[in-house]
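**Student:** Please find one structure pasted underneath; my questions will follow.
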Amino acid sequence: GAAPEDDASGSPAADTDFLACAVSDEGSWNDKSFNEAAYGGLVKAEDELGVEIQGLESSSGEDFEPNLTAMVEAGCDVTFAVGFNFSINDVMTNVANDNPDAHFVWIDGWNSGETNLKPIQYSMAESSFLAGYLAAAYSTTKTVGTYGGMDIDAVTVFMKGFENGAKYYEKETGTPVTVVGMTDFVGDFENTGLAKSISEGQLTAGADVIFPVAGGLFTATAEAIRESGGNAVMLGVDKDIAVTQPELADITLTSVEKRMTQAVFDVIQALADGEAFDIEPYIGTLANDGTALSSFGEFDDKVSDEIKTKLDELKAGIIDGSIDPLAAP
Amino acid sequence: MSTAQAAPQAPTPAEAGRPRWNDVLHDIAAGGFVRTIAAVILSLAVASILIVFTNDDVLGTLSYFFSRPGDFFVAAGQAIGNAYAALFRGAIYNYTATSFEAGIRPLVESLRFAGPLIAAGLGVALTFRAGLFNIGGQGQLVMGAIWSAWASFQLHLPWGLHLIVAMIFGFVGAGLWAGIAGFLKAKTGAHEVIVTIMMNYIAVSLATYLMRTPVLHDMDGGNNPTTRPPDETAVFPRILGEGFDLRVSFILCLVAVIVYWWLMERSSLGFRLRMVGLNPDAARAAGVNVGRMYITAMVLSGLFIGLAGINQSLGRDGNFGPGIDSGIGFDAITVALLGSSTAPGVLLAGILFGMFRAASPTMQLADVSPEILGVIQGLIVLFIAAPPLVRAIFRFLPKPREVTELNTRSKPQLEAKEEVQ
Amino acid sequence: MSAVATHIEPEVTQVASLAPRKWRTPVLLAIVAGVALIAFGLLGRDEPVRFVWSNAADSIVLPALESTSRLVGIVTGLIAAIAAGASFWYAANRRKVPVWIILIVGLAFLAGLVAWVGAGGNVPVVFLLTGAIALSTPIVLGGLAGVLGERVGIVNIAIEAQLLAGAFVAAFVASSTGSYLVALIAAMVAGSLVSVILAVFSIRYLVDQVVVGVVLIGLVSAITNFLYSSVLSQNSAALNNPGTLPRIAIPFLADIPVLGPVVFNQRITTYLMFILVPLVWFILFRTKWGLRIRALGEHPLAADTVGINVNRWRFWTVSLAGLIAGLGGAALTIGAVGPFVREMSAGQGFIALAAVILGRWNPWGMAAAALLFGFSSNFRVWAGQAGSALPPDLIEMTPYVVTIIAVAVVAGRVIGPKAAGKPYIKE
Amino acid sequence: MKLELRGITKRFGSLVANDAISITVESGQIHALLGENGAGKSTLMNVLFGLYQADEGEILLDGVPQHFSGPGQAMSAGIGMVHQHFMLIPVFTVAENIMLGHEPTRAGVINLPEARRRVREISERFGFHIDPDALVEDLPVGAQQRVEIIKALSREAKVLVLDEPTAVLTPQETDELMATMRRLAEHGTSIVFITHKLREVKAVADTITVIRLGKVVGEAPPSASTDELAALMVGRDVELTVHKDAPKLGDEVFVVRDLTLFSPAGVRQLDDVSFSIREGEVLAIAGVQGNGQTELTETIVGLRDKARGSITLHGKELVSEDVRHVLESGVGFVPEDRTVDGLVAEFSVAENLMIDRSFSGPFTKGPSIDFAHRDRFAEQAITDFDIRTPSRDTLVGRLSGGNQQKVVLARELGRDLKLLVASQPTRGVDVGSIEFIHERIIAVRDSGVPVLIISTELDEVIALADRIAVMYRGAIIDIVPADTPREKLGRLMAGVTE
Ligand SMILES: Nc1ncnc2c1ncn2[C@@H]1O[C@H](COP(=O)(O)OP(=O)(O)OP(=O)(O)O)[C@@H](O)[C@H]1O
Ligand SMILES: Nc1ncnc2c1ncn2[C@@H]1O[C@H](COP(=O)(O)OP(=O)(O)OP(=O)(O)O)[C@@H](O)[C@H]1O
Ligand SMILES: [Mg+2]
Ligand SMILES: [Mg+2]
């Protein structure tokens, strides 16, 4: 079977062990991005803590509720729901209220009064802001590009932070920076051809740093960059692409990490250790390292110390609130 | 006297009226029922192989197969047993549940999923009968859903009336959307396959756009494209109480089956639709306006699919997003084909597909990945649709009493092709 | 008497002076020209626009054409209007409006539109055209399989499945063997395998061709998803990292401005497309195999009565056509972006199906339809980037709306191979 | 080449189409096969040609047993066949149709000039005039039939099967074809000739075999009288001439004035056609196929909607009406090709008997169909018109051609008529049924209905008509009395007006 069902030996009756479960967004655990990052936390917990894990993939929004209910019936000690989409039709709220004894963690979600629902949220604009600044600083053409898979908050928050970061650079240095692609969306997370065309369009428009916020479609951008033959680079999202896709390390400047793997793992570890379930929202920020820029990898020596220092300053500014990554500078 | 019955043993007209029992039995055995069962058995057999060889436990035993082959067979048996037990538990009756109510929930869930599949399947089936191929289920469903949704929260009407008005909106939206393809076909000859494919994409984009604007969206509720939740007065009530999510819309889907049956088998309009589907030239010569029938067929198809969309939008208390179709529009094609475009066939095929959808979580928990489930579904359809193959494997099944015609149509098309550049 | 009578030839082609004139095409052209002249020209924005023909790195750099969008709109609008006027002359004389006139109006309209959208910025001509070809390559290759299939009487709904299978296999084989040649062959075999299933079930087991097609789409997408999850993504660096086929620049030709980068600096998949479209056309319409294939799609019984083995021919034609569709799949991965992504065919098989019909089951027509689709997809990308006022959700519709307009206005009533979709059963 | 069929049996399900049929055709002989519709003639020939596999029996050529698993093998053994239903591909040119299966090629590329040359050569040799580059679908049916014949001849068959080749030919064409057959026979070709026209059989055949109910019921020399042959075929005595009384003419109720029609391609198909028919009168239109008859009938019923001129029935203008309203105003229409325009093959007999009355009237009950009425009507029609069908629920596509034709007639005559338009009413129908159909048409006339008959069959025209109009190139060039000599009619059909 696929990795998700690794230890699903079909008898979820084992109450003695801790059972951690997750239900995917409309997508698979191997989306190279969002779902994969979350599921990674379960796998890590299985490897390191020896807990049992169980995953259910949803093929459409209609599957959310049955999948969550199935997890409750399977006796999961905690169930992760991955993605804001669980808000549609109030699925998360209803399932949580209907099963007061079960424990749920909702990634990118929120708590509207449920007693058994812990939200995990991320301030992705913070790290994207840094990425935007870095991109603008790194760019020789002073044109940077970004595009999204779909025009949804979970995507546009990255793009917005990125744009603001780049504009911050412009304001600070007085060098005009062009951000292209704020309205570029593929329309799905599958059409590699279109994603490549969008990337090529941005390269043609002079962009030499591209920030694709489109799940697995970054491979299309990578190819567009390679084909252009220039020195353009891209930025990853969710996971550190330079690590997960080592073959792309040479064009990946850095990645805007959404460290769900760790957050998920931490929740499981706490519960498995016998701590009580709490509904305190976990908010991943630059401050708590829930989100961050990856290391620069192969680009470490191409990013000047000056910029690195500047990024640290900005980070501090964001943490202390003096810079609002969501406000245009 | 002259006679056309070349065979002396052919029945005279008088005795032909009465069915003969051996023929009836023969037809049952050769036709639908036994063969369908055989096809399901066959596909489950093939599926078992897939389940065994994608199961991690089983694969684990393969590494030492030659030292302890027994393990393999035990594990394989377990994998298959678990998978089908899960199928049964997930789609029909959960025997591990503590109460009957919980036990029967899977069956209710199957029916809940089946409802829109049946309605949309009928819509696609109708176009097949009229000689058209409506691939546009997705777009029509989305239109039915957003039009009814609009009425469900933008209009504020008393209980009962509101639901009916919202439904009418849904029917109008889906019917009009489908009608465009019929209209273009009738007036310009545009091939409905192209138009409906394109209209799917357009419908989703349009719906997404509207789900960002105040038309459908609650502008205080974030920027993700969603509708607003319907007013309570416009939501289908539950049939079996709060414990089950089966709603009155399911009954409407069953009513749709009867309506479809009446329309296609009994009504004169259905007679004309079928006539156009089988021989448009003869239909035209018999006074039927073929173009008008194409429009009618598409609009009617849109109404059935619209019911599926209404079921999706008003069969819930909350909002929805552009993914509301969730594959129903496409599965409807398979349902229609599997049900050979007849009312009872579509009903059964819809329920079968509903069961697969309902069983997906339990099957996944039993280590059958959703992809394998998809493969099993495909195999069942293929085997049911391939009587000669099933007969070749189960040799005891009799051949149907089919005769085939060597009929050719040599006359050029009645309507001279318009040359267009 | 009989001497007289046997020489009667019922005359069907007498041209009468009273035959009605047909104004449909000229009127349509006039409308198009009018829109171009008024919307892009007279009412257009008067902002500078630069048509950029070359990259700075090209060996021959053409200077960019600088003008204002309104001027371009007026000039192209006038050109279109003159051509449309000429079409009225043809109609008035009861002659068919020649294709080149339609082409002129279409291209003039396009140029005006592009200048209108690009007002205030650059029009990257090479990007627009290269992207169009790149986006249409898988569609054209899939469409060729569709054309061949329907011509021989087998409706192939499963182009989507063939593209997906080819894409998967090409990425996987190229990554694991390191050989693009092997990968291309494997992708073609994969596409053909899908065809073989289609052929066997529809010919041998008489399953409705559309049913098999629909089922195959489901099956192949399930199988590739499964293998992607359980195999490729476990070790993507080794198993899903094929890179892309090298670009082959044809000496000298590749240096021609605009045409060079668009046509003569492509990958083998694209060159194969350039070769296969005319080749398939030639086979269909100039060789005996083509004659037989077309006969089978129109009237298989008639073909049978002259000794053509209907089902054998159908089987082989469809199976070989599958090779081309598999190549189309390879064009998605190693011919474009490299790695495989779940369901990356993203409906392009259906677009190919539409192109087959829009192109009237003719390889050239199909390729033109696919190119139109590719161009409008790419156009919407550029229009979005050039700062169109429309919201992205609506811009996304462009290629689909264009296709509907094309089929409704231009293509009109099309009648495909009559026997397509029907199994051949003798007894 | 000598052909022997020994004990051929062919079953379709429980139906025995050929029951141990044995026939011998000597080298150079023209052997006629007679038999009513559905007797099994075409089936037998399809077995010979390898399209069907016999359940029992064997085929011998010059004494050597043959096994044909497909037409390809039959053809290479020297058998050629002109099929009852055209085996032509409408969208192909004449040359393409003729060369299909044995294309002249260079490295697989078709040698078109060579193919054209072959077509011209054969058509000249046999006195046909066919443009090799014409599209078959643009050709009139008669010309298509000639293409079929050229196709068979081009393979230089030693045994030639002609299954009702004369059904759509003019008398002159038929004469020409029979001369061709004789010429071929003289060169040693054995010919099996199937027709329903006894006159032709007597004119050309060397021997005659009669088949009934799938069995050989007798052989006869060509000298046998037509009455004898008819009786042998049908199993009873048949009346071969139509008895009709002098017409009781009423008012001129059906009037066509200055009717002109252009095809979408701008070709003039009807040229100022004017005529009128009185109550109780049969006007028959004679003419070579393709001279506008099809267009005329289709314009009358509203299938062609861009005609200029006027058509009135009892004073009501029909030109701008759609088909439905034309039919509802009492026009009965028998289309020339029943399989295309007259019947829905996959509908049952009962359903086909109501296809043009589904909007309102006795077959409907509100929005629903009145099934009781439909079935009653069907039973009545089956009895009245002697439709040979296992049941009213049998699919029409499974009936023999003659019985299919009876279904169309039963439908069109089975209601109150104000005008009957019948095109080729007896095409492909056996003598017994022709007699019956003609009687029915005359009965309609005698009930005071104007009748318009279009037929390429001069016998039929002469038998039914009270007046004869001759069409040539879309125009009516003359309207003559019914007793006009055949020769004069033949000249008129060729466009010769004195
Ligand atoms: N020739 C035709 N072919 C197909 N449908 C038709 C035709 N004529 C009418 N209909 C449709 O059948 C339905 C019922 O028709 P009804 O008998 O009420 O028409 P009607 O009022 O007689 O029509 P009209 O006004 O065109 O004469 C209507 O939906 C109408 O559109
Ligand atoms: N493919 C078939 N399947 C089933 N029954 C068939 C098939 N072909 C012919 N028959 C039946 O076999 C019988 C003989 O048909 P056949 O076509 O040989 O008649 P025929 O003598 O040629 O008649 P006609 O003069 O009308 O052409 C008929 O009852 C016909 O319905
Ligand atoms: Mg016959
Ligand atoms: Mg009326």
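To be explicit about the labels: the chains of the structure tokens are called A, B, and onward in the order shown, and within each one the residues are counted from 1, while ligands get numbers from 1 in the order they are shown.
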What residues in chain D have any atom no more than 6 Å from chain B when counting only C-alpha atoms, and can you write them as an MDAnalysis selection string?

**Tutor:** chainID D and resid 15:17 38:39 86 137 213:214 234:236 323:324 341:344 356 358 367:369 388 390:391

**Student:** Give me, as an MDAnalysis selection string, all polymer residues having an atom no more than 12 Å from Pro71 in chain D, counting only C-alpha atoms and skipping those fewer than 3 positions away in the same chain.

**Tutor:** (chainID C and resid 301:310 426) or (chainID D and resid 45:53 67:68 74:81 101)

**Student:** Atoms to include: C-alpha atoms. Write the selected residues as a compact mmCIF listing (two decimals), in the first residue's frame.

**Tutor:**
```txt
# COMPACT_ATOMS: atom_id res chain seq x y z
CA LEU C 301 -19.54 -3.72 -44.18
CA ALA C 302 -18.70 -2.28 -47.58
CA ALA C 303 -15.02 -2.61 -46.75
CA ASP C 304 -15.59 -6.16 -45.65
CA THR C 305 -17.24 -6.99 -48.96
CA VAL C 306 -14.09 -6.01 -50.78
CA GLY C 307 -11.99 -8.26 -48.63
CA ILE C 308 -10.70 -5.90 -45.95
CA ASN C 309 -10.55 -7.57 -42.57
CA VAL C 310 -12.48 -4.99 -40.61
CA LYS C 426 -21.55 -9.51 -39.01
CA MET D 45 -25.53 -15.27 -51.81
CA ASN D 46 -23.90 -13.83 -48.73
CA VAL D 47 -22.93 -17.34 -47.74
CA LEU D 48 -21.45 -17.89 -51.17
CA PHE D 49 -19.56 -14.63 -50.87
CA GLY D 50 -18.08 -15.52 -47.50
CA LEU D 51 -19.94 -12.80 -45.58
CA TYR D 52 -21.85 -15.47 -43.68
CA GLN D 53 -20.61 -18.88 -42.69
CA HIS D 67 -13.98 -22.63 -47.75
CA PHE D 68 -14.50 -18.89 -47.50
CA ALA D 74 -14.31 -15.54 -52.10
CA MET D 75 -13.05 -12.73 -54.29
CA SER D 76 -9.68 -14.30 -54.83
CA ALA D 77 -11.49 -17.48 -55.80
CA GLY D 78 -13.14 -15.46 -58.57
CA ILE D 79 -16.49 -14.55 -57.07
CA GLY D 80 -17.83 -11.04 -57.48
CA MET D 81 -21.01 -9.70 -56.04
CA GLY D 101 -9.36 -3.38 -51.55
```

**Student:** Within 12 Å of ligand 3 (counting only C-alpha atoms and all ligand atoms), which residues show up? I'd like them as a PyMOL selection string.

**Tutor:** (chain B and resi 4+406-407) or (chain D and resi 17+33-46+82-86+161-165+167+193-196+211+214+399-403+427-430)

**Student:** Got time to write the residues from that selection, C-alpha atoms, as a PDB file, in the first residue's frame?

**Tutor:**
```
ATOM      1  CA  ALA B   4     -41.650 -13.664 -44.827  1.00  0.00           C
ATOM      2  CA  LEU B 406     -26.933  -6.333 -42.090  1.00  0.00           C
ATOM      3  CA  ASN B 407     -28.499  -3.052 -42.778  1.00  0.00           C
TER       4      ASN B 407
ATOM      5  CA  ALA D  17     -33.012 -18.621 -43.632  1.00  0.00           C
ATOM      6  CA  LEU D  33     -33.002 -16.774 -58.427  1.00  0.00           C
ATOM      7  CA  LEU D  34     -36.601 -15.949 -57.756  1.00  0.00           C
ATOM      8  CA  GLY D  35     -38.415 -15.749 -54.489  1.00  0.00           C
ATOM      9  CA  GLU D  36     -40.556 -13.437 -52.494  1.00  0.00           C
ATOM     10  CA  ASN D  37     -39.177 -11.079 -49.888  1.00  0.00           C
ATOM     11  CA  GLY D  38     -37.395 -12.876 -47.117  1.00  0.00           C
ATOM     12  CA  ALA D  39     -37.208 -16.157 -49.009  1.00  0.00           C
ATOM     13  CA  GLY D  40     -33.485 -16.312 -48.325  1.00  0.00           C
ATOM     14  CA  LYS D  41     -31.935 -15.302 -51.628  1.00  0.00           C
ATOM     15  CA  SER D  42     -29.610 -12.644 -50.308  1.00  0.00           C
ATOM     16  CA  THR D  43     -28.634 -14.844 -47.402  1.00  0.00           C
ATOM     17  CA  LEU D  44     -27.638 -17.638 -49.758  1.00  0.00           C
ATOM     18  CA  MET D  45     -25.535 -15.274 -51.814  1.00  0.00           C
ATOM     19  CA  ASN D  46     -23.902 -13.828 -48.733  1.00  0.00           C
ATOM     20  CA  VAL D  82     -23.253  -6.711 -56.466  1.00  0.00           C
ATOM     21  CA  HIS D  83     -25.084  -6.441 -53.184  1.00  0.00           C
ATOM     22  CA  GLN D  84     -28.743  -5.700 -52.799  1.00  0.00           C
ATOM     23  CA  HIS D  85     -27.905  -2.854 -50.460  1.00  0.00           C
ATOM     24  CA  PHE D  86     -25.201  -0.657 -51.851  1.00  0.00           C
ATOM     25  CA  VAL D 161     -23.704 -12.468 -58.275  1.00  0.00           C
ATOM     26  CA  LEU D 162     -26.139  -9.656 -58.971  1.00  0.00           C
ATOM     27  CA  ASP D 163     -28.602  -9.182 -56.103  1.00  0.00           C
ATOM     28  CA  GLU D 164     -31.471  -7.053 -57.385  1.00  0.00           C
ATOM     29  CA  PRO D 165     -29.289  -4.772 -59.487  1.00  0.00           C
ATOM     30  CA  ALA D 167     -34.303  -2.268 -58.659  1.00  0.00           C
ATOM     31  CA  PHE D 193     -29.164 -12.915 -61.081  1.00  0.00           C
ATOM     32  CA  ILE D 194     -31.697 -12.000 -58.422  1.00  0.00           C
ATOM     33  CA  THR D 195     -34.689  -9.861 -59.297  1.00  0.00           C
ATOM     34  CA  HIS D 196     -38.349  -9.523 -58.584  1.00  0.00           C
ATOM     35  CA  ILE D 211     -36.907 -20.309 -53.455  1.00  0.00           C
ATOM     36  CA  GLY D 214     -35.591 -20.929 -47.428  1.00  0.00           C
ATOM     37  CA  LEU D 399     -38.101  -7.641 -41.081  1.00  0.00           C
ATOM     38  CA  SER D 400     -37.488  -8.326 -44.721  1.00  0.00           C
ATOM     39  CA  GLY D 401     -37.506  -5.360 -47.054  1.00  0.00           C
ATOM     40  CA  GLY D 402     -40.928  -6.024 -48.454  1.00  0.00           C
ATOM     41  CA  ASN D 403     -42.461  -6.246 -45.049  1.00  0.00           C
ATOM     42  CA  ARG D 427     -39.079  -0.759 -54.290  1.00  0.00           C
ATOM     43  CA  GLY D 428     -37.598  -4.140 -53.497  1.00  0.00           C
ATOM     44  CA  VAL D 429     -40.991  -5.685 -52.954  1.00  0.00           C
ATOM     45  CA  ASP D 430     -41.942  -9.123 -54.285  1.00  0.00           C
TER      46      ASP D 430
END
```

**Student:** List as a PyMOL selection string the protein and nucleic acid residues lying within 10 Å of ligand 4, with only C-alpha atoms and all ligand atoms counted.

**Tutor:** chain D and resi 324-325+328+359-360

**Student:** Find the residues near Asp393 in chain D: any atom within 10 Å, counting only C-alpha atoms, skip ones fewer than 4 places away on the same chain, and give them as a VMD selection string.

**Tutor:** (chain B and resid 16 to 17) or (chain D and resid 347 to 351 375 378 389)

**Student:** Looking only at helix (DSSP H, G or I) from DSSP on the backbone, list the matching residues of range 321-426 of chain D as a PyMOL selection string.

**Tutor:** chain D and resi 323-328+338-342+349-352+355-357+371-384+396-398+401-413

**Student:** What separation in Å, quoted to one decimal, exists between CA of Ile180 in chain B and CA of Asn200 in chain B?

**Tutor:**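 Rounded to one decimal, the two atoms are 12.1 Å apart.
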
**Student:** What are the residues of chain C that have an atom within 6 Å of an atom of chain B, counting only C-alpha atoms, as a PDB file with C-alpha atoms, in the first residue's frame?

**Tutor:**
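Once everything was written out, this is selection23.pdb:
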```pdb
ATOM      1  CA  TYR C 205     -15.904  -7.981 -26.462  1.00  0.00           C
ATOM      2  CA  VAL C 207     -18.168  -3.074 -25.146  1.00  0.00           C
ATOM      3  CA  VAL C 215     -13.360   3.486 -17.797  1.00  0.00           C
ATOM      4  CA  LEU C 219      -8.248   3.240 -14.530  1.00  0.00           C
ATOM      5  CA  ALA C 222      -5.975   5.582 -10.586  1.00  0.00           C
ATOM      6  CA  PHE C 226      -1.116   4.822  -7.108  1.00  0.00           C
ATOM      7  CA  ALA C 354     -12.682  18.591 -29.064  1.00  0.00           C
ATOM      8  CA  ASP C 393     -11.227  33.699 -12.834  1.00  0.00           C
ATOM      9  CA  MET C 397     -12.116  31.020 -19.432  1.00  0.00           C
ATOM     10  CA  TYR C 400     -12.724  27.601 -23.630  1.00  0.00           C
ATOM     11  CA  ILE C 404     -16.912  27.457 -28.377  1.00  0.00           C
ATOM     12  CA  VAL C 407     -17.029  25.650 -33.218  1.00  0.00           C
ATOM     13  CA  ALA C 408     -20.255  27.606 -33.317  1.00  0.00           C
ATOM     14  CA  GLY C 412     -20.610  24.709 -38.094  1.00  0.00           C
ATOM     15  CA  ARG C 413     -22.242  21.441 -38.903  1.00  0.00           C
ATOM     16  CA  GLU C 427     -23.740 -12.206 -37.642  1.00  0.00           C
TER      17      GLU C 427
END
```

**Student:** Using only C-alpha atoms, which residues sit within 7 Å of Val334 in chain D once same-chain residues fewer than 5 positions away are excluded, as a PDB file with all heavy atoms, in the first residue's frame?

**Tutor:**
```pdb
ATOM      1  N   VAL D 408     -44.491   0.857 -43.735  1.00  0.00           N
ATOM      2  CA  VAL D 408     -44.605   2.268 -44.111  1.00  0.00           C
ATOM      3  C   VAL D 408     -45.968   2.546 -44.723  1.00  0.00           C
ATOM      4  O   VAL D 408     -46.648   3.517 -44.377  1.00  0.00           O
ATOM      5  CB  VAL D 408     -43.489   2.647 -45.112  1.00  0.00           C
ATOM      6  CG1 VAL D 408     -43.669   4.089 -45.563  1.00  0.00           C
ATOM      7  CG2 VAL D 408     -42.123   2.441 -44.498  1.00  0.00           C
ATOM      8  N   LEU D 409     -46.396   1.675 -45.626  1.00  0.00           N
ATOM      9  CA  LEU D 409     -47.680   1.906 -46.293  1.00  0.00           C
ATOM     10  C   LEU D 409     -48.838   1.808 -45.315  1.00  0.00           C
ATOM     11  O   LEU D 409     -49.753   2.617 -45.338  1.00  0.00           O
ATOM     12  CB  LEU D 409     -47.867   0.896 -47.426  1.00  0.00           C
ATOM     13  CG  LEU D 409     -47.102   1.364 -48.657  1.00  0.00           C
ATOM     14  CD1 LEU D 409     -46.651   0.198 -49.482  1.00  0.00           C
ATOM     15  CD2 LEU D 409     -47.976   2.312 -49.475  1.00  0.00           C
ATOM     16  N   GLU D 412     -48.996   5.060 -43.526  1.00  0.00           N
ATOM     17  CA  GLU D 412     -49.416   6.243 -44.273  1.00  0.00           C
ATOM     18  C   GLU D 412     -50.844   6.134 -44.792  1.00  0.00           C
ATOM     19  O   GLU D 412     -51.529   7.128 -44.954  1.00  0.00           O
ATOM     20  CB  GLU D 412     -48.445   6.503 -45.430  1.00  0.00           C
ATOM     21  CG  GLU D 412     -47.033   6.803 -44.961  1.00  0.00           C
ATOM     22  CD  GLU D 412     -46.978   7.951 -43.956  1.00  0.00           C
ATOM     23  OE1 GLU D 412     -47.653   8.974 -44.181  1.00  0.00           O
ATOM     24  OE2 GLU D 412     -46.289   7.803 -42.927  1.00  0.00           O
ATOM     25  N   VAL D 421     -48.617  11.070 -51.181  1.00  0.00           N
ATOM     26  CA  VAL D 421     -47.405  11.227 -51.974  1.00  0.00           C
ATOM     27  C   VAL D 421     -46.582   9.967 -51.748  1.00  0.00           C
ATOM     28  O   VAL D 421     -46.120   9.728 -50.631  1.00  0.00           O
ATOM     29  CB  VAL D 421     -46.595  12.468 -51.537  1.00  0.00           C
ATOM     30  CG1 VAL D 421     -45.343  12.597 -52.376  1.00  0.00           C
ATOM     31  CG2 VAL D 421     -47.442  13.720 -51.636  1.00  0.00           C
ATOM     32  N   ALA D 422     -46.440   9.164 -52.782  1.00  0.00           N
ATOM     33  CA  ALA D 422     -45.716   7.907 -52.588  1.00  0.00           C
ATOM     34  C   ALA D 422     -44.568   7.819 -53.583  1.00  0.00           C
ATOM     35  O   ALA D 422     -44.757   7.902 -54.788  1.00  0.00           O
ATOM     36  CB  ALA D 422     -46.657   6.723 -52.761  1.00  0.00           C
ATOM     37  N   SER D 423     -43.385   7.676 -53.024  1.00  0.00           N
ATOM     38  CA  SER D 423     -42.182   7.586 -53.835  1.00  0.00           C
ATOM     39  C   SER D 423     -41.749   6.133 -53.880  1.00  0.00           C
ATOM     40  O   SER D 423     -41.610   5.506 -52.836  1.00  0.00           O
ATOM     41  CB  SER D 423     -41.100   8.420 -53.141  1.00  0.00           C
ATOM     42  OG  SER D 423     -40.398   9.173 -54.055  1.00  0.00           O
ATOM     43  N   PRO D 425     -43.151   3.241 -54.339  1.00  0.00           N
ATOM     44  CA  PRO D 425     -43.907   2.514 -53.302  1.00  0.00           C
ATOM     45  C   PRO D 425     -43.610   1.027 -53.250  1.00  0.00           C
ATOM     46  O   PRO D 425     -43.858   0.403 -52.227  1.00  0.00           O
ATOM     47  CB  PRO D 425     -45.362   2.782 -53.672  1.00  0.00           C
ATOM     48  CG  PRO D 425     -45.346   3.161 -55.106  1.00  0.00           C
ATOM     49  CD  PRO D 425     -44.036   3.851 -55.343  1.00  0.00           C
TER      50      PRO D 425
END
```

**Student:** If we count only C-alpha atoms, what is near range 197-202 of chain A at a cut-off of 8 Å, once residues fewer than 2 positions away on the same chain are taken out, given as number ranges by chain?

**Tutor:** A: 145, 147, 180-181, 184, 186, 193-195, 204-207, 210, 220-221, 224-225, 228; C: 127, 131, 135, 378, 381-382, 385

**Student:** As a CSV table (one decimal) with C-alpha atoms, in the first residue's frame, please: the residues near Phe265 in chain A (cut-off 12 Å, only C-alpha atoms, same-chain neighbours under 4 positions excluded).

**Tutor:**
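Heads up, here's the output in out.csv:
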```csv
chain,number,residue,atom,x,y,z
A,20,ALA,CA,-2.7,9.3,15.5
A,21,CYS,CA,-4.8,10.0,12.4
A,37,ALA,CA,4.3,18.2,5.2
A,38,ALA,CA,1.4,17.5,7.6
A,39,TYR,CA,1.5,13.8,7.1
A,40,GLY,CA,5.3,13.8,7.6
A,41,GLY,CA,4.5,14.7,11.2
A,42,LEU,CA,2.6,11.4,11.6
A,43,VAL,CA,5.3,9.4,10.0
A,44,LYS,CA,7.9,11.0,12.1
A,45,ALA,CA,5.9,10.2,15.2
A,46,GLU,CA,5.5,6.6,14.1
A,47,ASP,CA,9.2,6.3,13.6
A,48,GLU,CA,10.4,8.1,16.7
A,49,LEU,CA,7.6,7.5,19.2
A,50,GLY,CA,6.3,4.2,18.0
A,51,VAL,CA,2.7,5.4,17.8
A,53,ILE,CA,-0.9,6.2,12.5
A,78,VAL,CA,-6.2,12.5,17.8
A,80,PHE,CA,-5.6,16.0,12.2
A,105,VAL,CA,-6.4,19.3,15.4
A,259,ARG,CA,6.8,23.6,9.4
A,260,MET,CA,3.8,21.5,9.9
A,261,THR,CA,5.8,18.3,10.2
A,269,GLN,CA,4.3,13.7,21.2
A,270,ALA,CA,2.7,15.8,23.9
A,271,LEU,CA,-0.5,13.6,23.8
A,272,ALA,CA,1.4,10.4,23.6
A,273,ASP,CA,3.4,11.4,26.7
```
